[in-house]
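Asker: Structure file model_5.txt (compact mmCIF, C-alpha atoms) right here:
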```txt
# COMPACT_ATOMS: atom_id res chain seq x y z
CA MET A 1 115.43 14.13 151.50
CA LYS A 2 112.16 15.42 150.08
CA PHE A 3 110.92 13.31 147.16
CA ALA A 4 109.02 14.84 144.26
CA GLY A 5 105.33 14.90 144.91
CA SER A 6 105.67 14.79 148.68
CA ALA A 7 103.23 17.06 150.48
CA ALA A 8 104.38 20.10 152.37
CA PRO A 9 103.55 20.30 156.08
CA THR A 10 99.92 21.25 156.55
CA PRO A 11 99.49 24.58 158.36
CA VAL A 12 97.13 24.63 161.30
CA PRO A 13 94.54 27.27 162.14
CA ALA A 14 96.08 30.28 163.86
CA PRO A 15 95.37 30.47 167.60
CA ALA A 16 92.98 33.13 168.85
CA ALA A 17 94.38 36.54 169.71
CA GLY A 18 95.70 36.81 173.25
CA VAL A 19 96.52 33.10 173.58
CA ASP A 20 99.86 32.35 175.27
CA PRO A 21 102.37 30.98 172.72
CA GLY A 22 102.83 27.79 174.74
CA GLU A 23 99.07 27.30 174.97
CA GLY A 24 98.80 28.01 171.25
CA ARG A 25 101.33 25.30 170.40
CA THR A 26 99.43 22.76 172.49
CA ARG A 27 96.14 23.67 170.79
CA ASP A 28 97.88 23.33 167.42
CA ALA A 29 98.96 19.83 168.41
CA VAL A 30 95.43 18.92 169.53
CA THR A 31 93.93 20.30 166.33
CA ARG A 32 96.43 18.57 164.07
CA LEU A 33 95.92 15.22 165.80
CA VAL A 34 92.15 15.39 165.31
CA GLN A 35 92.65 16.46 161.71
CA GLU A 36 94.90 13.47 161.03
CA SER A 37 93.00 10.86 163.08
CA GLY A 38 89.36 11.92 162.98
CA PRO A 39 87.12 12.47 166.05
CA LEU A 40 88.90 11.69 169.32
CA THR A 41 87.89 11.71 172.97
CA ALA A 42 89.64 13.80 175.61
CA ALA A 43 91.13 10.62 177.10
CA ALA A 44 92.55 9.52 173.74
CA LEU A 45 94.05 12.95 173.12
CA ALA A 46 95.58 13.08 176.61
CA GLU A 47 97.15 9.66 176.10
CA ARG A 48 98.63 10.46 172.70
CA LEU A 49 99.90 13.91 173.66
CA ARG A 50 101.04 12.78 177.13
CA LEU A 51 99.07 15.50 178.85
CA SER A 52 96.72 15.43 181.79
CA ALA A 53 93.04 14.96 181.05
CA ALA A 54 92.26 18.30 182.75
CA ALA A 55 94.73 20.16 180.53
CA VAL A 56 93.32 18.58 177.36
CA ARG A 57 89.74 19.39 178.38
CA ARG A 58 90.72 23.03 178.92
CA HIS A 59 92.04 23.24 175.38
CA LEU A 60 89.03 21.38 173.99
CA ASP A 61 86.62 23.79 175.67
CA ALA A 62 88.50 26.73 174.14
CA LEU A 63 88.51 25.15 170.67
CA VAL A 64 84.77 24.48 170.87
CA ALA A 65 84.17 28.09 171.97
CA ASP A 66 86.25 29.32 168.99
CA GLY A 67 84.18 27.22 166.58
CA ILE A 68 87.13 24.98 165.63
CA PHE A 69 85.79 21.81 167.26
CA VAL A 70 82.33 20.38 167.76
CA GLU A 71 81.28 17.62 170.16
CA VAL A 72 80.10 14.40 168.49
CA GLN A 73 79.16 10.91 169.57
CA PRO A 74 82.08 8.49 169.11
CA ARG A 75 81.48 5.83 166.47
CA ALA A 76 81.16 2.29 167.73
CA SER A 77 82.65 -0.66 165.85
CA SER A 78 82.86 -4.40 166.21
CA LEU A 79 86.43 -4.00 167.45
CA ARG A 80 85.50 -1.34 169.99
CA PRO A 81 81.88 -1.87 170.98
CA ARG A 82 80.14 0.81 173.00
CA GLY A 83 79.98 -0.10 176.68
CA ARG A 84 77.31 0.63 179.22
CA GLY A 85 76.66 4.06 180.66
CA ARG A 86 77.04 7.48 179.15
CA PRO A 87 79.40 7.43 176.15
CA ALA A 88 82.46 9.65 176.27
CA ARG A 89 82.26 12.74 174.09
CA ALA A 90 84.48 12.91 171.04
CA TYR A 91 85.67 16.04 169.29
CA ALA A 92 85.72 16.67 165.55
CA LEU A 93 86.74 19.56 163.32
CA THR A 94 84.04 21.94 162.13
CA ASP A 95 83.99 23.31 158.57
CA ALA A 96 85.61 26.48 159.90
CA GLY A 97 88.31 24.46 161.65
CA ARG A 98 88.94 22.43 158.50
CA ALA A 99 89.20 25.59 156.40
CA GLY A 100 91.97 26.85 158.68
CA PHE A 101 94.28 24.13 157.37
CA GLY A 102 94.16 25.65 153.90
CA HIS A 103 93.51 24.05 150.54
CA ALA A 104 95.26 23.80 147.20
CA TYR A 105 92.29 25.32 145.37
CA ASP A 106 94.23 28.45 144.35
CA ASP A 107 97.03 26.34 142.87
CA LEU A 108 94.51 24.16 141.07
CA ALA A 109 92.67 27.17 139.61
CA SER A 110 95.91 28.84 138.50
CA THR A 111 97.11 25.64 136.86
CA ALA A 112 93.81 25.23 135.04
CA LEU A 113 93.88 28.81 133.73
CA ARG A 114 97.50 28.46 132.59
CA TYR A 115 96.53 25.34 130.65
CA LEU A 116 93.53 27.20 129.18
CA ARG A 117 95.80 30.07 128.11
CA ASP A 118 98.40 27.75 126.61
CA THR A 119 95.86 25.74 124.62
CA GLY A 120 93.23 28.36 123.77
CA GLY A 121 95.11 31.65 123.98
CA GLU A 122 94.26 34.84 125.86
CA ALA A 123 90.77 34.85 124.31
CA ALA A 124 89.96 31.62 126.13
CA VAL A 125 90.96 33.15 129.48
CA VAL A 126 88.83 36.23 128.79
CA ALA A 127 85.88 34.01 127.83
CA PHE A 128 86.24 32.11 131.10
CA ALA A 129 86.44 35.35 133.09
CA GLU A 130 83.29 36.67 131.39
CA HIS A 131 81.48 33.41 132.12
CA ARG A 132 82.45 33.59 135.79
CA ALA A 133 81.34 37.23 135.96
CA SER A 134 77.98 36.45 134.33
CA THR A 135 77.44 33.68 136.89
CA LEU A 136 78.16 36.20 139.68
CA VAL A 137 75.65 38.62 138.12
CA ALA A 138 73.02 35.88 138.10
CA ARG A 139 73.62 35.11 141.78
CA ILE A 140 73.46 38.82 142.68
CA GLY A 141 70.25 39.17 140.67
CA ALA A 142 68.69 36.28 142.58
CA GLN A 143 69.17 38.23 145.83
CA ILE A 144 67.72 41.51 144.55
CA THR A 145 64.01 42.29 144.31
CA GLU A 146 63.69 43.67 140.79
CA PRO A 147 60.97 46.33 141.31
CA GLU A 148 62.67 47.63 144.45
CA PHE A 149 66.06 47.71 142.74
CA ALA A 150 64.78 49.40 139.57
CA GLU A 151 63.15 52.20 141.55
CA ALA A 152 66.05 52.73 143.97
CA ASP A 153 68.34 55.75 143.70
CA PRO A 154 71.98 55.09 142.67
CA ARG A 155 73.36 55.01 146.23
CA ASP A 156 70.71 52.55 147.38
CA LYS A 157 71.44 50.38 144.34
CA ALA A 158 75.11 50.31 145.31
CA GLY A 159 74.12 49.29 148.84
CA LEU A 160 71.92 46.45 147.59
CA VAL A 161 74.70 45.15 145.34
CA ALA A 162 77.22 45.40 148.21
CA ALA A 163 74.90 43.35 150.43
CA ALA A 164 74.61 40.72 147.69
CA LEU A 165 78.40 40.66 147.29
CA THR A 166 78.79 40.18 151.05
CA ALA A 167 76.51 37.14 150.84
CA GLU A 168 78.89 35.82 148.17
CA GLY A 169 81.86 36.18 150.52
CA TYR A 170 83.25 39.57 149.42
CA ALA A 171 82.64 41.45 152.74
CA ALA A 172 81.51 44.56 150.83
CA LYS A 173 80.20 47.90 152.04
CA VAL A 174 79.40 51.29 150.48
CA THR A 175 80.96 54.64 151.28
CA PRO A 176 80.14 58.05 149.73
CA ALA A 177 82.65 59.49 147.27
CA GLY A 178 83.21 63.14 146.37
CA ASN A 179 80.47 65.68 146.91
CA ALA A 180 77.05 64.49 148.00
CA GLY A 181 75.22 62.74 145.21
CA GLN A 182 78.19 62.49 142.84
CA GLY A 183 79.12 58.91 143.47
CA SER A 184 79.69 55.96 145.80
CA GLN A 185 82.48 53.50 146.38
CA ILE A 186 81.87 49.77 146.81
CA CYS A 187 84.68 48.50 149.06
CA GLN A 188 85.27 44.74 149.04
CA HIS A 189 87.38 43.73 152.03
CA HIS A 190 87.79 40.15 150.84
CA CYS A 191 88.37 38.61 147.42
CA PRO A 192 87.83 34.85 147.05
CA VAL A 193 90.04 34.73 143.95
CA ALA A 194 92.73 37.27 144.89
CA HIS A 195 95.69 34.90 144.51
CA VAL A 196 94.53 33.71 141.10
CA ALA A 197 93.58 37.20 139.91
CA ALA A 198 97.11 38.41 140.72
CA GLU A 199 98.26 36.34 137.73
CA PHE A 200 95.07 36.66 135.69
CA PRO A 201 93.76 40.25 135.92
CA GLN A 202 91.08 39.33 133.37
CA LEU A 203 89.04 38.09 136.35
CA CYS A 204 89.02 41.57 137.92
CA GLU A 205 88.29 43.28 134.60
CA ALA A 206 85.31 41.04 133.86
CA GLU A 207 84.00 41.52 137.40
CA THR A 208 84.16 45.30 136.96
CA ARG A 209 82.15 45.10 133.74
CA ALA A 210 79.64 42.87 135.52
CA LEU A 211 79.16 45.44 138.29
CA ALA A 212 78.58 48.15 135.68
CA SER A 213 75.95 45.94 134.04
CA VAL A 214 74.09 45.25 137.29
CA LEU A 215 74.19 48.88 138.48
CA GLY A 216 73.44 50.39 135.08
CA ALA A 217 76.08 53.02 135.78
CA ASN A 218 79.61 54.00 134.87
CA VAL A 219 82.06 52.31 137.24
CA GLN A 220 85.82 52.45 137.66
CA ARG A 221 88.00 50.02 139.58
CA LEU A 222 90.37 52.10 141.70
CA ALA A 223 92.19 49.38 143.65
CA THR A 224 92.32 45.60 143.95
CA ILE A 225 93.52 43.17 146.60
CA ALA A 226 95.05 41.10 143.79
CA HIS A 227 97.43 43.99 142.98
CA GLY A 228 98.48 44.40 146.61
CA ASP A 229 95.93 46.96 147.80
CA GLY A 230 94.17 46.39 151.10
CA VAL A 231 90.68 46.64 149.63
CA CYS A 232 89.05 46.20 146.22
CA THR A 233 87.54 49.64 145.58
CA THR A 234 85.08 50.38 142.79
CA HIS A 235 83.83 53.91 142.13
CA VAL A 236 80.19 54.09 141.03
CA SER A 237 79.13 57.27 139.27
CA HIS A 238 75.67 58.63 140.13
CA ALA A 239 75.58 60.82 137.04
CA ILE A 240 72.90 59.95 134.49
CA PRO A 241 74.46 59.58 131.03
CA MET A 242 73.18 62.36 128.75
CA PRO A 243 71.73 61.32 125.38
CA THR A 244 73.81 62.27 122.39
CA ALA A 245 72.18 65.34 120.69
CA THR A 246 72.23 66.00 116.95
CA ARG A 247 74.54 68.91 116.25
CA PRO A 248 72.88 71.77 114.32
CA PRO A 249 74.64 73.25 111.27
CA THR A 250 77.26 75.73 112.40
CA THR A 251 77.76 79.27 111.11
CA THR A 252 81.25 78.29 110.05
CA SER A 253 79.91 75.58 107.75
CA SER A 254 77.39 77.99 106.16
CA THR A 255 80.04 80.65 105.68
CA THR A 256 82.43 78.14 104.19
CA THR A 257 79.72 76.95 101.75
CA ALA A 258 78.93 80.54 100.73
CA ARG A 259 82.61 81.32 100.19
CA SER A 260 83.00 78.19 98.12
CA THR A 261 80.02 79.16 95.93
CA SER A 262 81.35 82.69 95.54
CA SER A 263 84.76 81.39 94.52
CA THR A 264 83.22 79.10 91.92
CA THR A 265 81.22 82.00 90.44
CA THR A 266 84.33 84.20 90.26
CA VAL A 267 86.31 81.47 88.51
CA SER A 268 83.51 81.00 85.94
CA LYS A 269 83.39 84.76 85.15
CA THR A 270 87.16 84.87 84.71
CA GLU A 271 87.08 81.92 82.33
CA ARG A 272 84.38 83.64 80.19
CA HIS A 273 86.43 86.89 80.11
CA ILE A 274 89.50 85.01 78.81
CA ASP A 275 87.42 83.24 76.16
CA ASP A 276 85.97 86.57 74.92
CA HIS A 277 89.44 88.10 74.49
CA SER A 278 90.70 85.00 72.75
CA SER A 279 87.93 85.25 70.21
```
Since I need it in another form, could you write the structure as structure tokens?
Answerer:
Amino acid sequence: MKFAGSAAPTPVPAPAAGVDPGEGRTRDAVTRLVQESGPLTAAALAERLRLSAAAVRRHLDALVADGIFVEVQPRASSLRPRGRGRPARAYALTDAGRAGFGHAYDDLASTALRYLRDTGGEAAVVAFAEHRASTLVARIGAQITEPEFAEADPRDKAGLVAAALTAEGYAAKVTPAGNAGQGSQICQHHCPVAHVAAEFPQLCEAETRALASVLGANVQRLATIAHGDGVCTTHVSHAIPMPTATRPPTTTSSTTTARSTSSTTTVSKTERHIDDHSS
């Protein structure tokens, strides 16, 4: 029986491509044990998993090479003092290895936004999305040299913004769109908030407006990962907006005015003719 509030089984990082399924399951077991127990030596892992020391070391070497584990010095305590000689190496999870187990951050963010919507309405969600987007703009701006950016042509500006987005974890790049010089597309191959944005599209909408503000150009979001597309694609127009010109008086307006004046004069003459006959 599963009681309310009990945690679901924690997923483990996926094994590297080309790893034999049996080997992958053993590495999963090694990784999970270190995640649950903290840094462990090869001997401790071999004992707990009932494997040979050589087999465990082979898996440990592979996990270190994949960036999942890192070698550390085992911690000494009063119960297990460090003996003489070279201490045995222990193995701990790296940040990348820890990230492979997943987090509940998406659920937490979605819950928070639902509460915000229920208590403050849709306007509160939009305000939050705009605040997040403005924070992203500030971080992008900190990575861009202002004089260089201001003098760059539209395509180079898109490239600089894509590089800044990549540094923020969006894995962005620029591709040309349409005929040469007409526009570019910023393609984001990763979205840190995709799962949350699937329920709250206001995040994507505010981000699009933020990109338009940074680039100083007309942009259009063509696709989003949150809506099931493979890539978030934003079209950036290279066209320079034309200033609105004052429209000169048209011939039609002048003609209409003249006709109106003529009609008024005719009516006045008719009225005088009727008055004369009445007298």
Asker: Select, from A:Gly97, A:Pro147, A:Ala90, A:Ala124, the residue with the minimum atom-to-atom distance to Ala65 of chain A, counting only C-alpha atoms.
Answerer: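 Nearest to Ala65 of chain A: A:Gly97.
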Asker: If you measure from atom CA of Gln143 of chain A to atom CA of Cys187 of chain A, what distance in Å do you get, rounded to one decimal?
Answerer: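 Computing it gives 18.9 Å between the two atoms.
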Asker: So what do you get for atom CA of Thr31 of chain A versus atom CA of Ala104 of chain A, distance-wise?
Answerer: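 Those two atoms sit 19.5 Å apart.
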Asker: Go ahead and compute the interatomic distance for atom CA of Arg155 of chain A and atom CA of Leu215 of chain A, in Å to one decimal.
Answerer: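 About the pair atom CA of Arg155 of chain A and atom CA of Leu215 of chain A: they are 9.9 Å apart.
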Asker: Show me, as a ChimeraX atom specification, the residues that have an atom within 9 Å of Ala210 of chain A when counting only C-alpha atoms, minus same-chain residues fewer than 2 positions from it.
Answerer: /A:130,133-134,136-137,205-208,212-215
Asker: Point out the residue among A:Ser37, A:Leu108, A:Val30, A:Val196 with the least atom-to-atom distance to Val56 of chain A, counting only C-alpha atoms.
Answerer: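 Answer, going by the shortest atom-to-atom distance: A:Val30.
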Asker: Between A:Gln35, A:Thr26, A:Ser52, A:Ser237, which is the closest to Leu211 of chain A once you count only C-alpha atoms?
Answerer: A:Ser237
Asker: Taking only C-alpha atoms, show segment 31-112 of chain A of the given structure as a PDB file, in the first residue's frame.
Answerer:
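Okay, result-v6.pdb is ready:
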```pdb
ATOM      1  CA  THR A  31      24.867   5.243  -8.630  1.00  0.00           C
ATOM      2  CA  ARG A  32      21.739   4.849  -6.523  1.00  0.00           C
ATOM      3  CA  LEU A  33      23.699   3.426  -3.593  1.00  0.00           C
ATOM      4  CA  VAL A  34      26.093   6.380  -3.573  1.00  0.00           C
ATOM      5  CA  GLN A  35      23.162   8.767  -3.894  1.00  0.00           C
ATOM      6  CA  GLU A  36      21.451   7.218  -0.871  1.00  0.00           C
ATOM      7  CA  SER A  37      24.540   6.640   1.299  1.00  0.00           C
ATOM      8  CA  GLY A  38      26.989   9.378   0.354  1.00  0.00           C
ATOM      9  CA  PRO A  39      30.616   8.829  -0.764  1.00  0.00           C
ATOM     10  CA  LEU A  40      31.631   5.161  -0.716  1.00  0.00           C
ATOM     11  CA  THR A  41      34.823   3.268  -1.463  1.00  0.00           C
ATOM     12  CA  ALA A  42      35.068   0.540  -4.087  1.00  0.00           C
ATOM     13  CA  ALA A  43      35.393  -2.062  -1.316  1.00  0.00           C
ATOM     14  CA  ALA A  44      32.223  -0.832   0.417  1.00  0.00           C
ATOM     15  CA  LEU A  45      30.288  -0.861  -2.841  1.00  0.00           C
ATOM     16  CA  ALA A  46      31.516  -4.360  -3.718  1.00  0.00           C
ATOM     17  CA  GLU A  47      30.457  -5.637  -0.306  1.00  0.00           C
ATOM     18  CA  ARG A  48      26.984  -4.111  -0.417  1.00  0.00           C
ATOM     19  CA  LEU A  49      26.275  -5.101  -4.012  1.00  0.00           C
ATOM     20  CA  ARG A  50      27.926  -8.518  -3.644  1.00  0.00           C
ATOM     21  CA  LEU A  51      30.180  -7.940  -6.624  1.00  0.00           C
ATOM     22  CA  SER A  52      33.881  -8.434  -7.108  1.00  0.00           C
ATOM     23  CA  ALA A  53      36.122  -5.457  -6.417  1.00  0.00           C
ATOM     24  CA  ALA A  54      37.409  -5.586 -10.016  1.00  0.00           C
ATOM     25  CA  ALA A  55      33.879  -5.399 -11.431  1.00  0.00           C
ATOM     26  CA  VAL A  56      32.968  -2.436  -9.204  1.00  0.00           C
ATOM     27  CA  ARG A  57      36.160  -0.570 -10.130  1.00  0.00           C
ATOM     28  CA  ARG A  58      35.355  -1.032 -13.822  1.00  0.00           C
ATOM     29  CA  HIS A  59      31.977   0.610 -13.324  1.00  0.00           C
ATOM     30  CA  LEU A  60      33.460   3.351 -11.157  1.00  0.00           C
ATOM     31  CA  ASP A  61      36.045   4.211 -13.815  1.00  0.00           C
ATOM     32  CA  ALA A  62      33.272   4.489 -16.415  1.00  0.00           C
ATOM     33  CA  LEU A  63      31.128   6.681 -14.150  1.00  0.00           C
ATOM     34  CA  VAL A  64      34.062   8.993 -13.461  1.00  0.00           C
ATOM     35  CA  ALA A  65      34.787   9.218 -17.202  1.00  0.00           C
ATOM     36  CA  ASP A  66      31.110  10.105 -17.835  1.00  0.00           C
ATOM     37  CA  GLY A  67      31.255  12.888 -15.245  1.00  0.00           C
ATOM     38  CA  ILE A  68      28.748  11.176 -12.920  1.00  0.00           C
ATOM     39  CA  PHE A  69      31.226  10.416 -10.127  1.00  0.00           C
ATOM     40  CA  VAL A  70      34.257  12.200  -8.750  1.00  0.00           C
ATOM     41  CA  GLU A  71      36.991  10.773  -6.525  1.00  0.00           C
ATOM     42  CA  VAL A  72      37.133  12.230  -3.010  1.00  0.00           C
ATOM     43  CA  GLN A  73      38.985  11.537   0.208  1.00  0.00           C
ATOM     44  CA  PRO A  74      36.855   9.465   2.603  1.00  0.00           C
ATOM     45  CA  ARG A  75      35.843  11.303   5.762  1.00  0.00           C
ATOM     46  CA  ALA A  76      37.379  10.051   8.977  1.00  0.00           C
ATOM     47  CA  SER A  77      35.388   9.876  12.214  1.00  0.00           C
ATOM     48  CA  SER A  78      35.954   8.861  15.801  1.00  0.00           C
ATOM     49  CA  LEU A  79      34.141   5.601  15.076  1.00  0.00           C
ATOM     50  CA  ARG A  80      36.200   4.873  11.966  1.00  0.00           C
ATOM     51  CA  PRO A  81      39.563   6.572  12.360  1.00  0.00           C
ATOM     52  CA  ARG A  82      41.852   6.769   9.359  1.00  0.00           C
ATOM     53  CA  GLY A  83      44.571   4.121   9.496  1.00  0.00           C
ATOM     54  CA  ARG A  84      48.129   4.271   8.312  1.00  0.00           C
ATOM     55  CA  GLY A  85      49.144   4.258   4.676  1.00  0.00           C
ATOM     56  CA  ARG A  86      47.423   5.634   1.635  1.00  0.00           C
ATOM     57  CA  PRO A  87      43.679   6.131   2.255  1.00  0.00           C
ATOM     58  CA  ALA A  88      41.263   4.316  -0.013  1.00  0.00           C
ATOM     59  CA  ARG A  89      39.538   6.507  -2.582  1.00  0.00           C
ATOM     60  CA  ALA A  90      35.850   7.176  -2.162  1.00  0.00           C
ATOM     61  CA  TYR A  91      33.409   8.112  -4.898  1.00  0.00           C
ATOM     62  CA  ALA A  92      30.774  10.837  -4.735  1.00  0.00           C
ATOM     63  CA  LEU A  93      28.165  12.191  -7.134  1.00  0.00           C
ATOM     64  CA  THR A  94      29.023  15.280  -9.150  1.00  0.00           C
ATOM     65  CA  ASP A  95      26.480  18.058  -9.759  1.00  0.00           C
ATOM     66  CA  ALA A  96      25.807  16.525 -13.174  1.00  0.00           C
ATOM     67  CA  GLY A  97      25.271  13.106 -11.613  1.00  0.00           C
ATOM     68  CA  ARG A  98      22.950  14.573  -8.992  1.00  0.00           C
ATOM     69  CA  ALA A  99      20.945  16.405 -11.660  1.00  0.00           C
ATOM     70  CA  GLY A 100      20.306  13.093 -13.419  1.00  0.00           C
ATOM     71  CA  PHE A 101      18.087  11.992 -10.536  1.00  0.00           C
ATOM     72  CA  GLY A 102      15.642  14.779 -11.303  1.00  0.00           C
ATOM     73  CA  HIS A 103      14.053  17.347  -9.032  1.00  0.00           C
ATOM     74  CA  ALA A 104      10.560  18.473  -8.134  1.00  0.00           C
ATOM     75  CA  TYR A 105      11.288  22.053  -9.185  1.00  0.00           C
ATOM     76  CA  ASP A 106       8.796  21.961 -12.076  1.00  0.00           C
ATOM     77  CA  ASP A 107       6.028  20.746  -9.773  1.00  0.00           C
ATOM     78  CA  LEU A 108       6.925  23.389  -7.214  1.00  0.00           C
ATOM     79  CA  ALA A 109       6.900  26.184  -9.816  1.00  0.00           C
ATOM     80  CA  SER A 110       3.580  25.028 -11.290  1.00  0.00           C
ATOM     81  CA  THR A 111       2.005  24.830  -7.845  1.00  0.00           C
ATOM     82  CA  ALA A 112       3.230  28.324  -6.997  1.00  0.00           C
TER      83      ALA A 112
END
```
